[in-house]
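*Asks:* Next comes my_file.txt, compact mmCIF, C-alpha atoms:
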# COMPACT_ATOMS: atom_id res chain seq x y z
CA MET V 1 399.49 -36.12 185.42
CA LEU V 2 400.66 -38.68 182.85
CA SER V 3 404.12 -38.44 181.34
CA PRO V 4 404.23 -36.90 177.85
CA LEU V 5 404.75 -39.24 174.93
CA PRO V 6 408.10 -38.77 173.15
CA TYR V 7 408.12 -37.43 169.61
CA THR V 8 409.22 -39.99 167.05
CA SER V 9 409.91 -39.69 163.33
CA ASP V 10 406.90 -41.93 162.59
CA ALA V 11 404.46 -39.81 164.64
CA GLU V 12 402.62 -38.86 161.45
CA SER V 13 400.72 -41.24 159.19
CA VAL V 14 400.40 -39.84 155.67
CA PRO V 15 397.57 -41.34 153.55
CA PRO V 16 398.75 -42.60 150.14
CA ASP V 17 396.36 -40.28 148.27
CA GLU V 18 397.07 -37.15 150.33
CA ALA V 19 399.23 -35.56 147.62
CA VAL V 20 396.33 -35.84 145.14
CA ASP V 21 393.89 -34.37 147.66
CA THR V 22 396.32 -31.56 148.45
CA GLU V 23 396.57 -30.62 144.78
CA LYS V 24 392.76 -30.51 144.59
CA VAL V 25 392.65 -28.22 147.64
CA LEU V 26 395.22 -25.86 146.10
CA GLN V 27 393.25 -25.69 142.86
CA LEU V 28 390.10 -24.72 144.78
CA ILE V 29 391.97 -22.09 146.81
CA GLN V 30 393.42 -20.66 143.61
CA ARG V 31 389.93 -20.48 142.14
CA ALA V 32 388.54 -18.83 145.27
CA LEU V 33 391.32 -16.23 145.30
CA GLN V 34 390.80 -15.44 141.63
CA GLU V 35 387.05 -15.03 142.09
CA LYS V 36 387.59 -12.88 145.17
CA GLU V 37 390.00 -10.66 143.27
CA GLY V 38 387.31 -9.95 140.68
CA PRO V 39 387.20 -6.76 138.60
CA THR V 40 388.88 -4.60 141.28
CA GLY V 41 392.18 -6.48 141.11
CA THR V 42 392.46 -6.42 144.90
CA ARG V 43 394.28 -9.45 146.24
CA GLN V 44 393.34 -10.63 149.73
CA ARG V 45 394.13 -13.48 152.07
CA ASP V 46 392.30 -16.75 151.56
CA VAL V 47 390.93 -16.57 155.13
CA HIS V 48 391.33 -14.20 158.09
CA VAL V 49 390.70 -11.42 155.61
CA LYS V 50 389.51 -8.76 158.03
CA MET V 51 392.12 -7.50 160.48
CA HIS V 52 391.00 -6.03 163.81
CA GLY V 53 394.47 -4.75 164.60
CA CYS V 54 398.18 -5.47 164.63
CA ALA V 55 400.33 -4.77 167.70
CA THR V 56 403.93 -5.20 168.74
CA GLY V 57 405.00 -6.79 171.98
CA LEU V 58 407.47 -8.83 173.97
CA PHE V 59 407.37 -12.63 174.08
CA GLN V 60 409.02 -13.69 177.34
CA VAL V 61 409.90 -17.34 178.02
CA LEU V 62 409.39 -18.05 181.72
CA GLU V 63 412.05 -19.06 184.19
CA ASN V 64 412.22 -22.37 186.05
CA LEU V 65 410.21 -24.42 183.58
CA PRO V 66 410.28 -28.19 184.19
CA PRO V 67 412.50 -30.21 181.80
CA GLU V 68 409.62 -31.43 179.61
CA LEU V 69 408.65 -27.80 178.87
CA ARG V 70 412.18 -26.55 178.17
CA GLN V 71 411.99 -27.41 174.49
CA GLY V 72 412.91 -25.53 171.32
CA LEU V 73 412.15 -21.83 171.70
CA PHE V 74 411.43 -22.40 175.38
CA GLN V 75 414.78 -23.92 176.38
CA GLU V 76 415.89 -20.88 178.37
CA PRO V 77 414.26 -17.78 179.86
CA LYS V 78 414.62 -15.12 177.20
CA SER V 79 412.66 -12.21 175.71
CA TYR V 80 411.93 -11.72 172.03
CA PRO V 81 410.20 -8.94 170.06
CA ALA V 82 406.93 -10.10 168.54
CA SER V 83 404.14 -8.94 166.25
CA VAL V 84 400.51 -9.93 166.89
CA ARG V 85 397.63 -9.80 164.40
CA PHE V 86 393.96 -10.09 165.44
CA SER V 87 391.36 -10.90 162.78
CA ASN V 88 388.10 -12.55 161.89
CA SER V 89 388.43 -16.06 160.48
CA SER V 90 386.05 -15.74 157.53
CA PRO V 91 387.22 -15.57 153.89
CA VAL V 92 385.19 -12.34 153.61
CA ALA V 93 385.28 -9.12 155.60
CA LEU V 94 382.05 -9.37 157.58
CA ALA V 95 380.60 -6.67 159.79
CA ASP V 96 381.81 -7.32 163.33
CA ALA V 97 378.26 -7.81 164.61
CA VAL V 98 378.00 -10.95 162.46
CA PRO V 99 378.96 -14.11 164.40
CA ASP V 100 382.28 -15.49 163.26
CA GLY V 101 385.44 -17.17 164.47
CA ARG V 102 388.32 -14.90 165.47
CA GLY V 103 392.00 -15.39 164.86
CA MET V 104 395.25 -14.42 166.55
CA ALA V 105 398.70 -14.85 165.00
CA ILE V 106 401.99 -14.27 166.79
CA GLN V 107 405.28 -13.77 164.98
CA VAL V 108 408.27 -14.12 167.34
CA GLU V 109 411.46 -12.55 166.01
CA ASN V 110 415.23 -12.37 166.64
CA ILE V 111 415.47 -16.14 167.16
CA VAL V 112 418.65 -18.12 166.59
CA GLY V 113 418.36 -21.82 165.81
CA GLU V 114 417.62 -24.45 163.18
CA PHE V 115 414.60 -23.39 161.13
CA LEU V 116 412.42 -25.30 158.71
CA PRO V 117 413.35 -24.77 155.03
CA VAL V 118 410.25 -22.67 154.27
CA SER V 119 411.30 -19.96 156.72
CA ASN V 120 412.91 -16.78 155.39
CA PRO V 121 416.67 -17.25 155.95
CA SER V 122 417.30 -13.48 156.16
CA ALA V 123 414.80 -12.92 158.97
CA PRO V 124 413.35 -16.21 160.26
CA THR V 125 410.51 -16.15 162.77
CA GLN V 126 408.56 -18.58 164.93
CA ASP V 127 404.88 -18.13 164.10
CA PHE V 128 401.96 -19.31 166.22
CA VAL V 129 398.60 -19.25 164.38
CA MET V 130 395.40 -19.66 166.40
CA VAL V 131 391.59 -19.45 166.32
CA ASN V 132 389.19 -19.07 169.24
CA HIS V 133 388.04 -22.70 169.01
CA PRO V 134 389.92 -25.76 170.33
CA VAL V 135 389.58 -28.01 167.27
CA PHE V 136 389.69 -27.70 163.49
CA ILE V 137 386.60 -28.06 161.31
CA ALA V 138 388.07 -30.83 159.12
CA ARG V 139 389.53 -34.17 160.16
CA ASP V 140 392.17 -34.45 157.40
CA VAL V 141 393.07 -33.23 153.91
CA LYS V 142 390.27 -35.20 152.26
CA ASP V 143 387.71 -33.56 154.54
CA TYR V 144 389.39 -30.21 154.05
CA PHE V 145 388.91 -30.56 150.28
CA ARG V 146 385.25 -31.42 150.81
CA LEU V 147 384.79 -28.26 152.92
CA GLN V 148 386.51 -26.12 150.30
CA VAL V 149 384.02 -27.44 147.73
CA ALA V 150 381.16 -26.64 150.12
CA ARG V 151 382.55 -23.16 150.67
CA LEU V 152 382.53 -22.39 146.94
CA GLU V 153 379.07 -23.95 146.57
CA SER V 154 377.68 -21.83 149.38
CA GLU V 155 378.66 -18.63 147.59
CA SER V 156 376.37 -19.46 144.68
CA HIS V 157 373.98 -21.92 146.35
CA PRO V 158 373.47 -20.94 150.03
CA LEU V 159 371.80 -24.24 150.94
CA ARG V 160 373.77 -26.66 148.79
CA GLY V 161 377.16 -25.83 150.32
CA PRO V 162 376.33 -26.45 154.01
CA ALA V 163 374.22 -29.47 153.09
CA GLY V 164 377.09 -31.01 151.17
CA ALA V 165 379.51 -30.33 154.01
CA LEU V 166 377.27 -32.28 156.39
CA THR V 167 376.03 -35.15 154.21
CA ASN V 168 379.26 -35.86 152.33
CA GLY V 169 377.10 -36.77 149.33
CA SER V 170 375.31 -39.57 151.18
CA TRP V 171 371.66 -40.01 152.13
CA ASN V 172 372.67 -42.23 155.05
CA PRO V 173 372.83 -40.16 158.28
CA SER V 174 375.30 -42.64 159.77
CA GLN V 175 377.81 -41.50 157.14
CA TRP V 176 377.26 -37.80 157.67
CA LYS V 177 380.08 -35.65 159.07
CA TRP V 178 378.34 -34.72 162.29
CA ARG V 179 381.41 -33.83 164.35
CA GLU V 180 382.96 -31.70 161.60
CA ALA V 181 379.66 -29.94 160.92
CA TRP V 182 379.12 -29.23 164.62
CA SER V 183 382.63 -27.82 164.93
CA ALA V 184 382.09 -25.58 161.90
CA VAL V 185 378.83 -24.30 163.37
CA GLN V 186 380.51 -23.58 166.70
CA VAL V 187 383.25 -21.58 165.01
CA ALA V 188 380.99 -19.66 162.64
CA LEU V 189 378.31 -18.75 165.18
CA GLN V 190 380.50 -17.33 167.92
CA PRO V 191 379.08 -13.97 169.03
CA PRO V 192 381.35 -10.93 168.84
CA SER V 193 383.49 -10.15 171.87
CA HIS V 194 386.56 -8.08 172.67
CA PRO V 195 389.50 -9.61 170.73
CA LEU V 196 391.55 -9.73 173.93
CA VAL V 197 388.95 -11.74 175.86
CA ASN V 198 389.00 -14.76 173.53
CA THR V 199 391.10 -17.84 174.20
CA TYR V 200 392.93 -18.73 170.99
CA TYR V 201 393.94 -22.31 170.18
CA SER V 202 396.35 -23.91 167.70
CA MET V 203 393.64 -26.55 167.05
CA VAL V 204 396.26 -28.90 165.58
CA PRO V 205 399.54 -30.20 167.05
CA ILE V 206 403.16 -29.26 166.53
CA ARG V 207 406.38 -30.92 167.51
CA PHE V 208 407.50 -29.61 170.89
CA GLY V 209 411.14 -30.61 170.88
CA ASP V 210 411.25 -34.11 172.37
CA TYR V 211 407.46 -34.20 172.62
CA VAL V 212 404.24 -33.18 170.81
CA ALA V 213 401.90 -30.39 171.92
CA LYS V 214 399.02 -28.12 171.12
CA TYR V 215 399.13 -24.49 172.26
CA ARG V 216 396.83 -21.64 173.16
CA THR V 217 396.95 -17.98 174.23
CA ARG V 218 394.65 -16.23 176.68
CA LEU V 219 394.56 -13.17 178.88
CA LYS V 220 396.54 -13.52 182.07
CA ALA V 221 394.29 -15.09 184.70
CA GLY V 222 392.04 -12.58 186.46
CA ASN V 223 392.13 -9.92 183.73
CA GLN V 224 389.27 -11.10 181.51
CA GLN V 225 386.48 -9.01 182.98
CA LYS V 226 388.10 -5.60 182.69
CA PHE V 227 388.43 -5.87 178.91
CA ARG V 228 384.81 -6.78 178.18
CA GLY V 229 383.50 -3.26 178.66
CA ASN V 230 381.41 -1.92 175.83
CA ALA V 231 382.73 -4.20 173.07
CA LEU V 232 379.26 -5.50 172.18
CA LEU V 233 377.83 -1.97 172.01
CA ALA V 234 380.71 -0.90 169.76
CA VAL V 235 380.15 -3.66 167.21
CA MET V 236 376.42 -3.04 167.11
CA MET V 237 377.02 0.62 166.29
CA LYS V 238 379.95 0.29 163.87
CA ARG V 239 380.88 -2.22 161.19
CA ASP V 240 384.47 -2.29 162.43
CA GLY V 241 383.80 -1.87 166.14
CA LEU V 242 386.14 -4.63 167.31
CA GLY V 243 389.12 -2.88 165.77
CA ASP V 244 388.17 0.36 167.50
CA VAL V 245 387.77 -1.35 170.89
CA LEU V 246 391.10 -3.13 170.51
CA GLU V 247 392.85 0.09 169.52
CA GLN V 248 391.36 2.06 172.43
CA THR V 249 392.27 -0.64 174.95
CA ILE V 250 395.95 -0.90 174.00
CA LEU V 251 396.21 2.87 173.78
CA LEU V 252 395.27 3.15 177.45
CA GLN V 253 396.73 0.09 179.17
CA GLU V 254 399.32 -2.63 178.96
CA VAL V 255 398.02 -6.11 178.13
CA VAL V 256 399.59 -9.36 179.34
CA LEU V 257 398.62 -12.72 177.80
CA GLU V 258 399.66 -16.25 178.76
CA PHE V 259 401.10 -18.59 176.14
CA GLN V 260 400.41 -22.18 177.15
CA VAL V 261 401.12 -25.69 175.83
CA GLN V 262 399.30 -28.98 176.25
CA LEU V 263 401.61 -32.01 176.03
CA ARG V 264 400.41 -35.16 174.27
CA THR V 265 400.12 -38.01 176.79
CA SER V 266 397.96 -40.57 174.93
CA ALA V 267 398.23 -41.97 171.42
CA GLN V 268 394.63 -43.24 171.56
CA THR V 269 392.78 -40.13 172.77
CA MET V 270 395.16 -37.46 171.44
CA PRO V 271 395.51 -38.24 167.73
CA ILE V 272 397.82 -36.33 165.43
CA GLU V 273 396.02 -37.06 162.15
CA ASP V 274 392.44 -36.23 163.27
CA ALA V 275 392.24 -32.48 163.80
CA THR V 276 388.61 -32.60 165.01
CA VAL V 277 389.44 -34.34 168.31
CA ARG V 278 389.86 -32.18 171.39
CA TRP V 279 392.64 -33.33 173.70
CA SER V 280 391.40 -33.72 177.27
CA GLU V 281 392.54 -30.95 179.58
CA SER V 282 391.80 -33.11 182.60
CA VAL V 283 394.30 -35.68 181.34
CA SER V 284 396.87 -33.13 180.20
CA PRO V 285 396.21 -29.56 181.35
CA TYR V 286 397.61 -26.52 179.54
CA GLN V 287 400.76 -25.16 181.18
CA THR V 288 402.06 -21.60 180.88
CA VAL V 289 405.50 -21.36 179.26
CA ALA V 290 405.66 -17.69 178.20
CA ALA V 291 404.10 -14.28 178.70
CA LEU V 292 403.17 -12.04 175.78
CA THR V 293 403.16 -8.39 176.81
CA LEU V 294 401.55 -5.75 174.59
CA PRO V 295 402.68 -2.37 175.94
CA ILE V 296 400.72 0.85 175.61
CA GLN V 297 400.86 1.84 171.96
CA ASP V 298 398.92 3.32 169.06
CA ILE V 299 398.21 0.27 166.93
CA SER V 300 396.57 2.37 164.22
CA ALA V 301 400.14 3.00 163.02
CA TYR V 302 400.59 -0.70 162.24
CA ARG V 303 397.57 -1.39 160.06
CA GLN V 304 399.57 -1.45 156.85
CA GLU V 305 402.21 -3.62 158.53
CA GLY V 306 399.61 -6.11 159.69
CA GLU V 307 398.12 -6.36 156.20
CA ARG V 308 401.41 -6.98 154.42
CA ARG V 309 402.73 -9.60 156.83
CA SER V 310 402.27 -13.28 156.14
CA PHE V 311 401.81 -15.64 159.10
CA SER V 312 402.29 -19.37 158.71
CA VAL V 313 402.63 -22.33 161.06
CA TRP V 314 405.52 -23.35 158.79
CA HIS V 315 407.54 -20.27 159.71
CA ALA V 316 409.05 -22.26 162.55
CA LEU V 317 412.02 -23.81 164.25
CA ALA V 318 412.64 -27.44 163.34
CA ALA V 319 411.90 -28.21 167.00
CA HIS V 320 408.35 -26.93 166.44
CA ARG V 321 407.54 -28.55 163.12
CA PRO V 322 403.78 -28.61 162.40
CA LEU V 323 402.28 -32.12 162.47
CA GLY V 324 399.29 -33.83 160.89
CA GLY V 325 397.48 -33.66 157.57
CA ILE V 326 395.85 -30.28 158.13
CA ASN V 327 399.22 -28.73 158.86
CA ARG V 328 400.76 -30.44 155.83
CA VAL V 329 398.15 -28.96 153.49
CA ARG V 330 398.53 -25.60 155.20
CA ARG V 331 402.15 -25.45 154.16
CA GLN V 332 401.25 -25.02 150.49
CA ALA V 333 397.93 -23.25 151.04
CA TYR V 334 399.52 -20.47 153.10
CA ALA V 335 402.34 -20.08 150.58
CA LEU V 336 399.85 -19.83 147.70
CA SER V 337 397.80 -17.14 149.45
CA ALA V 338 400.89 -15.14 150.43
CA SER V 339 402.49 -15.32 146.98
CA ARG V 340 399.40 -13.92 145.30
CA ARG V 341 399.44 -10.96 147.66
CA ASP V 342 403.22 -10.48 147.36
CA ALA V 343 403.11 -10.63 151.14
CA VAL V 344 406.17 -10.36 153.34
CA GLY V 345 406.44 -13.39 155.58
CA ASN V 346 409.34 -12.41 157.78
CA ILE V 347 410.51 -8.84 158.26
CA ALA V 348 413.51 -7.77 160.28
CA PRO V 349 412.42 -6.01 163.53
CA SER V 350 414.15 -2.80 162.47
CA ASP V 351 412.00 -2.54 159.38
CA PHE V 352 409.10 -0.86 161.17
CA VAL V 353 408.53 1.35 164.18
CA ARG V 354 408.29 -0.74 167.35
CA VAL V 355 406.84 0.27 170.67
CA ILE V 356 408.18 -1.47 173.76
CA GLY V 357 407.38 -0.29 177.24
CA GLY V 358 405.47 2.66 175.86
CA LYS V 359 408.54 4.09 174.10
CA GLN V 360 409.08 4.34 170.38
CA GLY V 361 412.11 2.41 169.16
CA ASP V 362 414.50 2.99 166.28
CA GLY V 363 413.56 2.32 162.71
CA ALA V 364 410.61 3.30 160.55
CA PRO V 365 408.70 1.83 157.67
Translate this file's structure into structure tokens.
*Replies:*
Amino acid sequence: MLSPLPYTSDAESVPPDEAVDTEKVLQLIQRALQEKEGPTGTRQRDVHVKMHGCATGLFQVLENLPPELRQGLFQEPKSYPASVRFSNSSPVALADAVPDGRGMAIQVENIVGEFLPVSNPSAPTQDFVMVNHPVFIARDVKDYFRLQVARLESESHPLRGPAGALTNGSWNPSQWKWREAWSAVQVALQPPSHPLVNTYYSMVPIRFGDYVAKYRTRLKAGNQQKFRGNALLAVMMKRDGLGDVLEQTILLQEVVLEFQVQLRTSAQTMPIEDATVRWSESVSPYQTVAALTLPIQDISAYRQEGERRSFSVWHALAAHRPLGGINRVRRQAYALSASRRDAVGNIAPSDFVRVIGGKQGDGAP
């Protein structure tokens, strides 16, 4: 395996017009949130609107990691309380039988260290935000703006939005956004499955201490099959079947997931500023650095908690600073969505009932 490339302060390359494009994106998100709010006055997330469930768990950094993996949060074997939210990825709450991307967000708590300025100083967390697809659907902020326009167009003109996302306003097929369009189709058309069976990816890179990495979370090897069960039957019979299946599973058995990182080993084939490129796993395989254990618990008690929490890749240690244009625009986009909901980004662990090892801990909402 190739040696990982060191992180340097010039790892990112910011386009001169990115600030203008970012402002355009924020204006479109603001418009979308206002339209979504409508006459009911209900304020929702921009995306990942529908939650399948929120659980509590233990994030355990593994022992005997090699030096290149002992970075930031993973410097020493240690256990941290964590909250985990499972959701769809759509900006609307679709029936679970409808194909859609699925999201998983982890909020690791009780961490001591140097945090990025956007983290809550009273209760900072390290957040990991993932979707069950290895790459993002936009290359950079300019493409992200184009997709936001297409998203709003598709709500009023079902054909115009997707067509604009593909053609980029050109009649020349050589200038069409084929890779981005194909990635969007792959995300949107994923059939429903048990939320615990999916492999969830960061899609975009973060700083990993002295290096750069992408990350993912999946069920511990060998456990995938036992969670499949009747998930498909459940979603065909009920609009919110995935939430029911997730709740029933964690109520009956402990779940262990692997948290893995993929170190950047090539500047040419593992770009930071193009979020649509998948980094080769044959060149740099994912390596397990932590275990996320979800003990037996009744997650129905945490629905309100999951809805009020705000997860952001920018709730992070300085050693895990998000990188690339998509992450840079996310910083303000996430904050805008959370502020409109009056969401709580970082909550002290004692602020809600926690279940560890099947036992109820101190503290209540």
*Asks:* Could you work out how far atom CA of Ser83 of chain V lies from atom CA of Ala318 of chain V, giving the answer in Å with one decimal?
*Replies:* 20.6 Å
*Asks:* Can I get the residues of segment 87-133 of chain V within 9 Å of segment 51-69 of chain V, each with the closest pair of atoms and their distance in Å to one decimal, using all atoms listed in the file, sorted chain first then ascending number, as a Markdown table?
*Replies:*
| residue | atom | partner | partner_atom | distance |
| --- | --- | --- | --- | --- |
| V:Ser87 | CA | V:Met51 | CA | 4.2 |
| V:Asn88 | CA | V:Met51 | CA | 6.6 |
| V:Ala93 | CA | V:Met51 | CA | 8.6 |
| V:Val108 | CA | V:Phe59 | CA | 7.0 |
*Asks:* I need every residue sitting at most 12 Å from the point (403.7, -27.2, 172.6) (coordinates as in the file, only C-alpha atoms considered), written as a count of residues only.
*Replies:* 45
*Asks:* Nearest to Arg31 of chain V: which of V:Ile250, V:Met130, V:Ala97, V:Val149 is it, counting all atoms listed in the file?
*Replies:*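 Closest to Arg31 of chain V of all the choices is V:Val149.
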*Asks:* Tell me, in Å to one decimal, how far atom CA of Leu196 of chain V is from atom CA of Gly306 of chain V.
*Replies:*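 Straight-line distance from atom CA of Leu196 of chain V to atom CA of Gly306 of chain V works out to 16.8 Å.
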*Asks:* Applying 8 Å and only C-alpha atoms, which residues near Ile326 of chain V remain after dropping the ones on its own chain fewer than 6 positions away? List them as a list of chain:residue names.
*Replies:*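 These residues fall inside the cut-off: V:Ala138, V:Arg139, V:Asp140, V:Val141, V:Tyr144, V:Val204, V:Glu273, V:Ala275.
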*Asks:* Go ahead and save the residues from that selection, with C-alpha atoms, as a compact mmCIF listing (two decimals), keeping the file's coordinate frame.
*Replies:*
# COMPACT_ATOMS: atom_id res chain seq x y z
CA ALA V 138 388.07 -30.83 159.12
CA ARG V 139 389.53 -34.17 160.16
CA ASP V 140 392.17 -34.45 157.40
CA VAL V 141 393.07 -33.23 153.91
CA TYR V 144 389.39 -30.21 154.05
CA VAL V 204 396.26 -28.90 165.58
CA GLU V 273 396.02 -37.06 162.15
CA ALA V 275 392.24 -32.48 163.80
*Asks:* Would you please work out which residue, of V:Pro6, V:Pro134, V:Pro192, V:Gly325, is nearest to Glu281 of chain V when using all atoms listed in the file?
*Replies:*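 Among V:Pro6, V:Pro134, V:Pro192, V:Gly325, it is V:Pro134 that comes nearest to Glu281 of chain V.
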*Asks:* Just to confirm, what's the straight-line distance from atom CA of Phe115 of chain V to atom CA of Pro81 of chain V in Å (one decimal)?
*Replies:*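 It comes out at 17.5 Å.
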*Asks:* Of the candidates V:Asn120, V:Ala95, V:Ala267, V:Pro191, which shows the shortest atom-to-atom distance to Thr8 of chain V, using only C-alpha atoms?
*Replies:*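 Using only C-alpha atoms, the shortest distance to Thr8 of chain V belongs to V:Ala267.
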*Asks:* Using all atoms listed in the file for the distances, tell me which of V:Thr22, V:Ser79, V:Ser282, V:Ser89 is nearest to Glu109 of chain V.
*Replies:* V:Ser79
*Asks:* Tell me which of V:Pro117, V:Pro295, V:Gly324, V:Gly241 sits closest to Asp96 of chain V, counting all atoms listed in the file.
*Replies:* V:Gly241
*Asks:* Out of V:Glu254, V:Asp244, V:Asp100, V:Glu23, which residue has the shortest atom-to-atom distance to Gln332 of chain V when counting all atoms listed in the file?
*Replies:*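 Closest to Gln332 of chain V, using all atoms listed in the file: V:Glu23.
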*Asks:* Limit the output to N, CA and C atoms and give segment 59-71 of chain V as a PDB file, in the first residue's frame.
*Replies:*
ATOM      1  N   PHE V  59     -18.736   5.201  21.060  1.00  0.00           N
ATOM      2  CA  PHE V  59     -17.759   5.286  19.986  1.00  0.00           C
ATOM      3  C   PHE V  59     -16.403   4.942  20.593  1.00  0.00           C
ATOM      4  N   GLN V  60     -15.849   3.797  20.206  1.00  0.00           N
ATOM      5  CA  GLN V  60     -14.642   3.272  20.837  1.00  0.00           C
ATOM      6  C   GLN V  60     -13.474   3.256  19.854  1.00  0.00           C
ATOM      7  N   VAL V  61     -12.467   4.095  20.115  1.00  0.00           N
ATOM      8  CA  VAL V  61     -11.262   4.110  19.295  1.00  0.00           C
ATOM      9  C   VAL V  61     -10.451   2.850  19.596  1.00  0.00           C
ATOM     10  N   LEU V  62     -10.002   2.173  18.546  1.00  0.00           N
ATOM     11  CA  LEU V  62      -9.343   0.883  18.713  1.00  0.00           C
ATOM     12  C   LEU V  62      -7.922   1.030  19.258  1.00  0.00           C
ATOM     13  N   GLU V  63      -7.459  -0.043  19.850  1.00  0.00           N
ATOM     14  CA  GLU V  63      -6.088  -0.106  20.334  1.00  0.00           C
ATOM     15  C   GLU V  63      -5.141  -0.496  19.204  1.00  0.00           C
ATOM     16  N   ASN V  64      -3.864  -0.192  19.408  1.00  0.00           N
ATOM     17  CA  ASN V  64      -2.779  -0.649  18.531  1.00  0.00           C
ATOM     18  C   ASN V  64      -2.938  -0.203  17.078  1.00  0.00           C
ATOM     19  N   LEU V  65      -3.444   0.985  16.865  1.00  0.00           N
ATOM     20  CA  LEU V  65      -3.508   1.518  15.510  1.00  0.00           C
ATOM     21  C   LEU V  65      -2.098   1.899  15.054  1.00  0.00           C
ATOM     22  N   PRO V  66      -1.795   1.753  13.768  1.00  0.00           N
ATOM     23  CA  PRO V  66      -0.492   2.189  13.263  1.00  0.00           C
ATOM     24  C   PRO V  66      -0.375   3.709  13.366  1.00  0.00           C
ATOM     25  N   PRO V  67       0.837   4.250  13.353  1.00  0.00           N
ATOM     26  CA  PRO V  67       1.040   5.695  13.565  1.00  0.00           C
ATOM     27  C   PRO V  67       0.226   6.582  12.632  1.00  0.00           C
ATOM     28  N   GLU V  68       0.095   6.202  11.352  1.00  0.00           N
ATOM     29  CA  GLU V  68      -0.612   7.056  10.404  1.00  0.00           C
ATOM     30  C   GLU V  68      -2.111   7.144  10.701  1.00  0.00           C
ATOM     31  N   LEU V  69      -2.638   6.213  11.504  1.00  0.00           N
ATOM     32  CA  LEU V  69      -4.055   6.243  11.865  1.00  0.00           C
ATOM     33  C   LEU V  69      -4.296   6.840  13.253  1.00  0.00           C
ATOM     34  N   ARG V  70      -3.246   7.039  14.015  1.00  0.00           N
ATOM     35  CA  ARG V  70      -3.393   7.648  15.340  1.00  0.00           C
ATOM     36  C   ARG V  70      -3.351   9.169  15.192  1.00  0.00           C
ATOM     37  N   GLN V  71      -4.458   9.711  14.704  1.00  0.00           N
ATOM     38  CA  GLN V  71      -4.550  11.134  14.395  1.00  0.00           C
ATOM     39  C   GLN V  71      -5.805  11.731  15.026  1.00  0.00           C
TER      40      GLN V  71
END
